[in-house]
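**Student:** Take this structure, written in structure tokens, and hold onto it; I'll ask about it next.
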Amino acid sequence: MCPGIRVIAPESANLRQDDVFGPYVSSWVAWAIDPEVRNAGSSAGVITALSNWLIDTKRSTTVIASKGDETDPRRTVPLNITSRDAALAAAGSRYAPVANTPLLNMNLLAETTIVGKPCEASAIVQLSDAMKISPTDRPIILSFFCAGTPSQFATDSLAELLQAPPPEITSLKYRGDGWPGTFRIGLRNGQTRTMSYDESWGTYLGRTVQWRCKLCVDGTGGHSDIAVGDYWDVDSRGYPVFENAEGRSVVIARTKRGAEILELAASEGIISRSPLDLHAAAAVQPLQTDRKLTLAGRLFGRRLAGKRIPVYRGYSLIRITFTAKRRIARAAAGTFIRSRQTRD
């Protein structure tokens, strides 16, 4: 059941299929209509808006998510959200280790919504399948596009680099308050330390992503009901542009329940949405696209180096390899070399 060891692809019968994003019901460009929520979220506030709406409409009694620890904001902790204020306080990505699934109450699954990483969504579905819990009795799962979990040490190092002593830190946000926003630390004396999202992720956080994440078969929430990611603008090279703007998200309904939730939320003025061809989404999500198309090569390079790899079933990785042969060869060679140089 642990997605660190094995991941079985979600059921795809009667669903549309995409090589990069997997099975789905519908896909959209969307954002929260409430400007405060849209600004607070990492990309467009869609998960925050849906979380608040699901509680307000009593479709869920609680939403499990995560936020910065009040005692030490460098750390990330799970929490139960039961109000709009709590949803806003938890808005924004947390690029650090945290586990939301331990807060699940197995007796209240049908009353719960959980916001989790794609691997947490996989864990919930695989556990539910093993326990023979029907889809209607499972929690609503909201997920997001994930590039991997950075080490906690990366956050600590950024705070030190920005000359923010831990006892003086009152807040720490990785993104949000704009799209994509900045890495920002608030201090007790009222000062703020900032670094651009491009630099904080690209130079520091992203380089400490753990090995298991680099072998991930699903960074786009394939086992969720609804998955959300950035719908970046791109430059002439196809590289995402990280200049601040009003957020827009790729929103994928993975299940019939997810599609119904999006339909109702749009009809009640919670989110704005328009149809999206996922080929366009792949073009503005180059990391997710490259990772999926070259995964077979990385797995082969890892095994060639004598390292263990997860078991993946139902993802058609062999078929996908024929669409990117040259990139796969490079990925295999690079992974082989890096794997031989590390102990994990």
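To be explicit about the labels: the chains of the structure tokens are called A, B, and onward in the order shown, and within each one the residues are counted from 1, while ligands get numbers from 1 in the order they are shown.
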If DSSP is run on the backbone, what residues of segment 42-270 of chain A are strand (DSSP E)? A reply as an NGL selection string would be ideal.
**Tutor:** :A and (62-68 or 76-81 or 112-115 or 140-144 or 169-173 or 182-187 or 192-196 or 226-230 or 233-234 or 240-241 or 249-253)
**Student:** For segment 18-125 of chain A against segment 267-287 of chain A, with a cut-off of 12 Å and counting only C-alpha atoms, what is the closest atom pair and its distance in Å to one decimal for every residue that makes the cut, ordered by chain and number, as JSON lines?
**Tutor:**
{"residue": "A:Asp18", "atom": "CA", "partner": "A:Leu278", "partner_atom": "CA", "distance": 7.5}
{"residue": "A:Asp19", "atom": "CA", "partner": "A:His279", "partner_atom": "CA", "distance": 9.7}
{"residue": "A:Val20", "atom": "CA", "partner": "A:Ala282", "partner_atom": "CA", "distance": 7.1}
{"residue": "A:Phe21", "atom": "CA", "partner": "A:Leu278", "partner_atom": "CA", "distance": 7.8}
{"residue": "A:Gly22", "atom": "CA", "partner": "A:Leu278", "partner_atom": "CA", "distance": 10.2}
{"residue": "A:Pro23", "atom": "CA", "partner": "A:Leu278", "partner_atom": "CA", "distance": 11.2}
{"residue": "A:Tyr24", "atom": "CA", "partner": "A:Leu278", "partner_atom": "CA", "distance": 10.2}
{"residue": "A:Val25", "atom": "CA", "partner": "A:Leu278", "partner_atom": "CA", "distance": 11.6}
{"residue": "A:Ser26", "atom": "CA", "partner": "A:Pro275", "partner_atom": "CA", "distance": 8.0}
{"residue": "A:Ser27", "atom": "CA", "partner": "A:Leu276", "partner_atom": "CA", "distance": 5.4}
{"residue": "A:Trp28", "atom": "CA", "partner": "A:Pro275", "partner_atom": "CA", "distance": 4.4}
{"residue": "A:Val29", "atom": "CA", "partner": "A:Ser274", "partner_atom": "CA", "distance": 5.4}
{"residue": "A:Ala30", "atom": "CA", "partner": "A:Arg273", "partner_atom": "CA", "distance": 4.1}
{"residue": "A:Trp31", "atom": "CA", "partner": "A:Ser272", "partner_atom": "CA", "distance": 5.5}
{"residue": "A:Ala32", "atom": "CA", "partner": "A:Ile271", "partner_atom": "CA", "distance": 4.4}
{"residue": "A:Ile33", "atom": "CA", "partner": "A:Ile271", "partner_atom": "CA", "distance": 5.1}
{"residue": "A:Asp34", "atom": "CA", "partner": "A:Ile270", "partner_atom": "CA", "distance": 7.2}
{"residue": "A:Pro35", "atom": "CA", "partner": "A:Ile271", "partner_atom": "CA", "distance": 10.6}
{"residue": "A:Val37", "atom": "CA", "partner": "A:Ile270", "partner_atom": "CA", "distance": 10.1}
{"residue": "A:Arg38", "atom": "CA", "partner": "A:Ile271", "partner_atom": "CA", "distance": 9.5}
{"residue": "A:Ala44", "atom": "CA", "partner": "A:Ile271", "partner_atom": "CA", "distance": 9.5}
{"residue": "A:Gly45", "atom": "CA", "partner": "A:Ile271", "partner_atom": "CA", "distance": 8.9}
{"residue": "A:Val46", "atom": "CA", "partner": "A:Ile271", "partner_atom": "CA", "distance": 6.8}
{"residue": "A:Ile47", "atom": "CA", "partner": "A:Ile271", "partner_atom": "CA", "distance": 9.9}
{"residue": "A:Thr48", "atom": "CA", "partner": "A:Ile270", "partner_atom": "CA", "distance": 10.3}
{"residue": "A:Ala49", "atom": "CA", "partner": "A:Ile270", "partner_atom": "CA", "distance": 6.5}
{"residue": "A:Leu50", "atom": "CA", "partner": "A:Ile270", "partner_atom": "CA", "distance": 7.4}
{"residue": "A:Ser51", "atom": "CA", "partner": "A:Ile270", "partner_atom": "CA", "distance": 10.5}
{"residue": "A:Asn52", "atom": "CA", "partner": "A:Ile270", "partner_atom": "CA", "distance": 9.5}
{"residue": "A:Trp53", "atom": "CA", "partner": "A:Ile270", "partner_atom": "CA", "distance": 7.4}
{"residue": "A:Leu54", "atom": "CA", "partner": "A:Ile270", "partner_atom": "CA", "distance": 10.5}
{"residue": "A:Asp56", "atom": "CA", "partner": "A:Ile270", "partner_atom": "CA", "distance": 11.4}
{"residue": "A:Thr57", "atom": "CA", "partner": "A:Glu268", "partner_atom": "CA", "distance": 10.8}
**Student:** Can you list, as a compact mmCIF listing (two decimals) with N, CA and C atoms, in the first residue's frame, every protein, DNA or RNA residue that comes within 10 Å of segment 154-162 of chain A when you count only C-alpha atoms, leaving out same-chain residues fewer than 4 positions away?
**Tutor:**
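Written output follows (result.txt):
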# COMPACT_ATOMS: atom_id res chain seq x y z
N ARG A 74 9.57 27.75 10.23
CA ARG A 74 10.37 27.04 9.24
C ARG A 74 9.83 25.63 9.03
N ARG A 75 9.17 25.08 10.01
CA ARG A 75 8.62 23.74 9.93
C ARG A 75 7.20 23.78 9.37
N TYR A 95 7.12 23.91 0.64
CA TYR A 95 8.16 23.10 0.02
C TYR A 95 9.07 22.49 1.09
N ALA A 96 8.49 21.61 1.88
CA ALA A 96 9.21 20.98 2.98
C ALA A 96 8.47 19.72 3.39
N PRO A 150 11.54 18.89 -1.03
CA PRO A 150 12.90 19.28 -0.66
C PRO A 150 13.21 18.91 0.79
N PRO A 166 16.31 31.84 13.72
CA PRO A 166 15.06 31.10 14.02
C PRO A 166 14.21 31.70 15.13
N ILE A 169 11.92 34.58 13.76
CA ILE A 169 11.02 34.35 12.64
C ILE A 169 9.58 34.21 13.12
N LEU A 172 6.81 32.35 7.58
CA LEU A 172 7.63 31.93 6.45
C LEU A 172 6.71 31.40 5.37
N TYR A 174 6.59 30.20 1.21
CA TYR A 174 7.39 29.82 0.05
C TYR A 174 6.89 30.50 -1.22
N PHE A 183 9.58 33.84 -1.92
CA PHE A 183 9.95 33.23 -0.65
C PHE A 183 10.12 34.38 0.34
N ARG A 184 9.38 34.33 1.46
CA ARG A 184 9.33 35.51 2.33
C ARG A 184 9.33 35.09 3.79
N ILE A 185 10.20 35.74 4.56
CA ILE A 185 10.29 35.50 6.00
C ILE A 185 9.97 36.80 6.73
N THR A 192 11.19 42.24 6.76
CA THR A 192 10.87 41.10 5.89
C THR A 192 12.09 40.75 5.06
N ARG A 193 12.37 39.47 4.96
CA ARG A 193 13.45 38.97 4.11
C ARG A 193 12.81 38.22 2.94
N THR A 194 13.22 38.54 1.71
CA THR A 194 12.60 37.91 0.54
C THR A 194 13.64 37.39 -0.45
N MET A 195 13.19 36.44 -1.27
CA MET A 195 13.97 35.92 -2.39
C MET A 195 12.97 35.51 -3.46
N SER A 200 14.70 30.85 -5.17
CA SER A 200 14.53 30.01 -3.99
C SER A 200 14.29 28.55 -4.38
N TRP A 201 13.44 28.32 -5.38
CA TRP A 201 13.19 26.96 -5.81
C TRP A 201 14.33 26.43 -6.71
N TYR A 204 18.01 26.63 -4.70
CA TYR A 204 18.18 26.05 -3.35
C TYR A 204 17.24 24.86 -3.10
N LEU A 205 15.95 25.11 -3.02
CA LEU A 205 15.01 24.07 -2.60
C LEU A 205 14.96 22.88 -3.57
N GLY A 206 14.81 23.18 -4.85
CA GLY A 206 14.65 22.12 -5.84
C GLY A 206 15.82 21.18 -5.94
N ARG A 207 16.99 21.63 -5.57
CA ARG A 207 18.19 20.80 -5.69
C ARG A 207 18.34 19.80 -4.55
N THR A 208 17.45 19.89 -3.56
CA THR A 208 17.54 18.97 -2.42
C THR A 208 16.40 17.96 -2.40
N VAL A 209 15.66 17.86 -3.51
CA VAL A 209 14.55 16.92 -3.57
C VAL A 209 15.07 15.50 -3.36
**Student:** Closest to Ser134 of chain A among A:Gly306, A:Ser42, A:Ala227, A:Ala110, using only C-alpha atoms?
**Tutor:**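 Ranking A:Gly306, A:Ser42, A:Ala227, A:Ala110 by distance to Ser134 of chain A, first place goes to A:Ala110.
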**Student:** Residues within 10 Å of Ile8 of chain A, please, as a PDB file with all heavy atoms, in the first residue's frame. Count only C-alpha atoms; anything in the same chain fewer than 2 positions from it doesn't count.
**Tutor:**
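out34.pdb written:
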ATOM      1  N   MET A   1       0.820  -1.218   0.000  1.00  0.00           N
ATOM      2  CA  MET A   1       0.000   0.000   0.000  1.00  0.00           C
ATOM      3  C   MET A   1       0.848   1.259   0.000  1.00  0.00           C
ATOM      4  O   MET A   1       0.395   2.321  -0.418  1.00  0.00           O
ATOM      5  CB  MET A   1      -0.926   0.007   1.218  1.00  0.00           C
ATOM      6  CG  MET A   1      -2.000  -1.071   1.172  1.00  0.00           C
ATOM      7  SD  MET A   1      -2.967  -1.119   2.675  1.00  0.00           S
ATOM      8  CE  MET A   1      -1.773  -1.797   3.830  1.00  0.00           C
ATOM      9  N   PRO A   3       3.078   4.014  -1.275  1.00  0.00           N
ATOM     10  CA  PRO A   3       3.466   4.449  -2.622  1.00  0.00           C
ATOM     11  C   PRO A   3       4.971   4.645  -2.775  1.00  0.00           C
ATOM     12  O   PRO A   3       5.450   4.852  -3.894  1.00  0.00           O
ATOM     13  CB  PRO A   3       2.710   5.777  -2.788  1.00  0.00           C
ATOM     14  CG  PRO A   3       2.536   6.276  -1.393  1.00  0.00           C
ATOM     15  CD  PRO A   3       2.334   5.045  -0.544  1.00  0.00           C
ATOM     16  N   ARG A   6       5.309   0.785  -4.070  1.00  0.00           N
ATOM     17  CA  ARG A   6       4.517   0.347  -5.213  1.00  0.00           C
ATOM     18  C   ARG A   6       3.403   1.339  -5.482  1.00  0.00           C
ATOM     19  O   ARG A   6       2.782   1.850  -4.546  1.00  0.00           O
ATOM     20  CB  ARG A   6       3.911  -1.025  -4.922  1.00  0.00           C
ATOM     21  CG  ARG A   6       3.062  -1.583  -6.056  1.00  0.00           C
ATOM     22  CD  ARG A   6       2.380  -2.874  -5.658  1.00  0.00           C
ATOM     23  NE  ARG A   6       1.382  -2.631  -4.612  1.00  0.00           N
ATOM     24  CZ  ARG A   6       0.506  -3.561  -4.232  1.00  0.00           C
ATOM     25  NH1 ARG A   6       0.542  -4.761  -4.763  1.00  0.00           N
ATOM     26  NH2 ARG A   6      -0.377  -3.285  -3.293  1.00  0.00           N
ATOM     27  N   PRO A  10      -4.387   4.503 -11.388  1.00  0.00           N
ATOM     28  CA  PRO A  10      -5.823   4.579 -11.102  1.00  0.00           C
ATOM     29  C   PRO A  10      -6.650   3.937 -12.212  1.00  0.00           C
ATOM     30  O   PRO A  10      -6.199   3.815 -13.355  1.00  0.00           O
ATOM     31  CB  PRO A  10      -6.086   6.090 -11.004  1.00  0.00           C
ATOM     32  CG  PRO A  10      -4.974   6.725 -11.758  1.00  0.00           C
ATOM     33  CD  PRO A  10      -3.785   5.839 -11.583  1.00  0.00           C
ATOM     34  N   GLU A  11      -7.861   3.538 -11.862  1.00  0.00           N
ATOM     35  CA  GLU A  11      -8.777   2.980 -12.853  1.00  0.00           C
ATOM     36  C   GLU A  11      -9.014   4.011 -13.957  1.00  0.00           C
ATOM     37  O   GLU A  11      -9.242   5.188 -13.681  1.00  0.00           O
ATOM     38  CB  GLU A  11     -10.108   2.614 -12.199  1.00  0.00           C
ATOM     39  CG  GLU A  11     -10.023   1.441 -11.229  1.00  0.00           C
ATOM     40  CD  GLU A  11      -9.783   0.120 -11.940  1.00  0.00           C
ATOM     41  OE1 GLU A  11     -10.160   0.012 -13.124  1.00  0.00           O
ATOM     42  OE2 GLU A  11      -9.212  -0.788 -11.319  1.00  0.00           O
ATOM     43  N   SER A 122      -2.209   8.700  -3.662  1.00  0.00           N
ATOM     44  CA  SER A 122      -2.029   7.286  -4.010  1.00  0.00           C
ATOM     45  C   SER A 122      -2.149   6.400  -2.779  1.00  0.00           C
ATOM     46  O   SER A 122      -2.780   5.332  -2.823  1.00  0.00           O
ATOM     47  CB  SER A 122      -0.662   7.071  -4.668  1.00  0.00           C
ATOM     48  OG  SER A 122      -0.556   7.775  -5.882  1.00  0.00           O
ATOM     49  N   VAL A 125      -5.872   6.002  -1.737  1.00  0.00           N
ATOM     50  CA  VAL A 125      -6.639   5.146  -2.642  1.00  0.00           C
ATOM     51  C   VAL A 125      -6.206   3.690  -2.510  1.00  0.00           C
ATOM     52  O   VAL A 125      -7.050   2.777  -2.458  1.00  0.00           O
ATOM     53  CB  VAL A 125      -6.488   5.634  -4.097  1.00  0.00           C
ATOM     54  CG1 VAL A 125      -7.075   4.620  -5.077  1.00  0.00           C
ATOM     55  CG2 VAL A 125      -7.179   6.986  -4.272  1.00  0.00           C
ATOM     56  N   GLN A 126      -4.896   3.452  -2.426  1.00  0.00           N
ATOM     57  CA  GLN A 126      -4.424   2.070  -2.322  1.00  0.00           C
ATOM     58  C   GLN A 126      -4.829   1.441  -0.987  1.00  0.00           C
ATOM     59  O   GLN A 126      -5.174   0.262  -0.917  1.00  0.00           O
ATOM     60  CB  GLN A 126      -2.909   2.012  -2.530  1.00  0.00           C
ATOM     61  CG  GLN A 126      -2.533   2.365  -3.967  1.00  0.00           C
ATOM     62  CD  GLN A 126      -1.052   2.234  -4.293  1.00  0.00           C
ATOM     63  OE1 GLN A 126      -0.679   2.267  -5.460  1.00  0.00           O
ATOM     64  NE2 GLN A 126      -0.205   2.082  -3.297  1.00  0.00           N
ATOM     65  N   VAL A 217       6.350   8.378 -10.499  1.00  0.00           N
ATOM     66  CA  VAL A 217       5.594   8.088 -11.711  1.00  0.00           C
ATOM     67  C   VAL A 217       4.408   9.031 -11.876  1.00  0.00           C
ATOM     68  O   VAL A 217       3.814   9.110 -12.947  1.00  0.00           O
ATOM     69  CB  VAL A 217       5.103   6.619 -11.683  1.00  0.00           C
ATOM     70  CG1 VAL A 217       3.977   6.436 -10.671  1.00  0.00           C
ATOM     71  CG2 VAL A 217       4.684   6.148 -13.068  1.00  0.00           C
ATOM     72  N   HIS A 223      -4.345  10.043  -8.544  1.00  0.00           N
ATOM     73  CA  HIS A 223      -5.306   9.337  -7.705  1.00  0.00           C
ATOM     74  C   HIS A 223      -6.267  10.278  -6.973  1.00  0.00           C
ATOM     75  O   HIS A 223      -7.072   9.827  -6.152  1.00  0.00           O
ATOM     76  CB  HIS A 223      -4.583   8.472  -6.666  1.00  0.00           C
ATOM     77  CG  HIS A 223      -4.019   7.204  -7.235  1.00  0.00           C
ATOM     78  ND1 HIS A 223      -2.710   7.103  -7.645  1.00  0.00           N
ATOM     79  CD2 HIS A 223      -4.580   5.996  -7.470  1.00  0.00           C
ATOM     80  CE1 HIS A 223      -2.485   5.877  -8.095  1.00  0.00           C
ATOM     81  NE2 HIS A 223      -3.607   5.189  -8.006  1.00  0.00           N
ATOM     82  N   VAL A 311       7.913  -0.288  -7.683  1.00  0.00           N
ATOM     83  CA  VAL A 311       7.157  -1.083  -8.652  1.00  0.00           C
ATOM     84  C   VAL A 311       5.986  -0.242  -9.157  1.00  0.00           C
ATOM     85  O   VAL A 311       5.194   0.257  -8.351  1.00  0.00           O
ATOM     86  CB  VAL A 311       6.631  -2.384  -8.013  1.00  0.00           C
ATOM     87  CG1 VAL A 311       5.727  -3.131  -8.990  1.00  0.00           C
ATOM     88  CG2 VAL A 311       7.797  -3.256  -7.570  1.00  0.00           C
ATOM     89  N   TYR A 312       5.899  -0.073 -10.472  1.00  0.00           N
ATOM     90  CA  TYR A 312       4.806   0.685 -11.067  1.00  0.00           C
ATOM     91  C   TYR A 312       4.013  -0.226 -11.998  1.00  0.00           C
ATOM     92  O   TYR A 312       4.596  -0.934 -12.830  1.00  0.00           O
ATOM     93  CB  TYR A 312       5.344   1.871 -11.867  1.00  0.00           C
ATOM     94  CG  TYR A 312       6.078   2.899 -11.039  1.00  0.00           C
ATOM     95  CD1 TYR A 312       7.274   3.463 -11.493  1.00  0.00           C
ATOM     96  CD2 TYR A 312       5.581   3.310  -9.808  1.00  0.00           C
ATOM     97  CE1 TYR A 312       7.941   4.412 -10.740  1.00  0.00           C
ATOM     98  CE2 TYR A 312       6.251   4.251  -9.048  1.00  0.00           C
ATOM     99  CZ  TYR A 312       7.434   4.796  -9.520  1.00  0.00           C
ATOM    100  OH  TYR A 312       8.096   5.727  -8.767  1.00  0.00           O
ATOM    101  N   ARG A 313       2.690  -0.187 -11.863  1.00  0.00           N
ATOM    102  CA  ARG A 313       1.841  -1.016 -12.702  1.00  0.00           C
ATOM    103  C   ARG A 313       0.751  -0.172 -13.350  1.00  0.00           C
ATOM    104  O   ARG A 313       0.110   0.634 -12.690  1.00  0.00           O
ATOM    105  CB  ARG A 313       1.201  -2.134 -11.878  1.00  0.00           C
ATOM    106  CG  ARG A 313       2.205  -3.132 -11.310  1.00  0.00           C
ATOM    107  CD  ARG A 313       1.518  -4.182 -10.469  1.00  0.00           C
ATOM    108  NE  ARG A 313       2.481  -5.113  -9.896  1.00  0.00           N
ATOM    109  CZ  ARG A 313       2.191  -6.029  -8.982  1.00  0.00           C
ATOM    110  NH1 ARG A 313       0.933  -6.146  -8.550  1.00  0.00           N
ATOM    111  NH2 ARG A 313       3.115  -6.837  -8.513  1.00  0.00           N
ATOM    112  N   GLY A 314       0.573  -0.374 -14.651  1.00  0.00           N
ATOM    113  CA  GLY A 314      -0.533   0.262 -15.354  1.00  0.00           C
ATOM    114  C   GLY A 314      -0.236   1.631 -15.925  1.00  0.00           C
ATOM    115  O   GLY A 314      -1.166   2.320 -16.359  1.00  0.00           O
ATOM    116  N   TYR A 315       1.041   2.035 -15.977  1.00  0.00           N
ATOM    117  CA  TYR A 315       1.377   3.385 -16.455  1.00  0.00           C
ATOM    118  C   TYR A 315       1.906   3.426 -17.887  1.00  0.00           C
ATOM    119  O   TYR A 315       2.271   4.498 -18.374  1.00  0.00           O
ATOM    120  CB  TYR A 315       2.388   4.037 -15.514  1.00  0.00           C
ATOM    121  CG  TYR A 315       1.754   4.514 -14.227  1.00  0.00           C
ATOM    122  CD1 TYR A 315       1.778   3.717 -13.086  1.00  0.00           C
ATOM    123  CD2 TYR A 315       1.113   5.743 -14.153  1.00  0.00           C
ATOM    124  CE1 TYR A 315       1.191   4.144 -11.905  1.00  0.00           C
ATOM    125  CE2 TYR A 315       0.519   6.178 -12.986  1.00  0.00           C
ATOM    126  CZ  TYR A 315       0.562   5.372 -11.871  1.00  0.00           C
ATOM    127  OH  TYR A 315      -0.033   5.795 -10.700  1.00  0.00           O
TER     128      TYR A 315
END
**Student:** Pick from A:Thr149, A:Ser143, A:Asn39, A:Asn14: nearest to Ala245 of chain A, with only C-alpha atoms counted?
**Tutor:** A:Asn39
**Student:** Could you please determine the separation between atom CA of Ser151 of chain A and atom CA of Arg212 of chain A in Å, to one decimal place?
**Tutor:**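 Rounded to one decimal, the two atoms are 12.2 Å apart.
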**Student:** List the spatial neighbours of Lys292 of chain A as a ChimeraX atom specification - criterion: any atom at most 12 Å away, only C-alpha atoms, same-chain residues fewer than 2 positions off excluded.
**Tutor:** /A:18-22,147,213-220,282,285-290,294-299,315-321,323-324,327-328,331
**Student:** Could you tell me, as a count of residues only, which residues of segment 228-330 of chain A DSSP assigns to helix (DSSP H, G or I) when given the backbone?
**Tutor:** 49
**Student:** For Arg340 of chain A, find every residue with an atom within 12 Å (counting only C-alpha atoms), except residues of its own chain fewer than 5 positions away, and show them as a ChimeraX atom specification.
**Tutor:** /A:301-307,333-335
**Student:** State, in Å with one decimal place, the distance from atom CA of Gly178 of chain A to atom CA of Gly202 of chain A.
**Tutor:** 18.3 Å
**Student:** Set the distance at 12 Å and use only C-alpha atoms: which residues neighbour Ile114 of chain A once local chain neighbours fewer than 2 positions away are removed? I'd like the list as a PyMOL selection string.
**Tutor:** chain A and resi 47-48+50-51+54-55+60-66+78-81+99-105+108-112+116-118+120-121+124+138-144+224-227
**Student:** Quick one: pull the distance between atom CA of Ala40 of chain A and atom CA of Thr182 of chain A, Å, one decimal.
**Tutor:**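 Those two atoms sit 11.7 Å apart.
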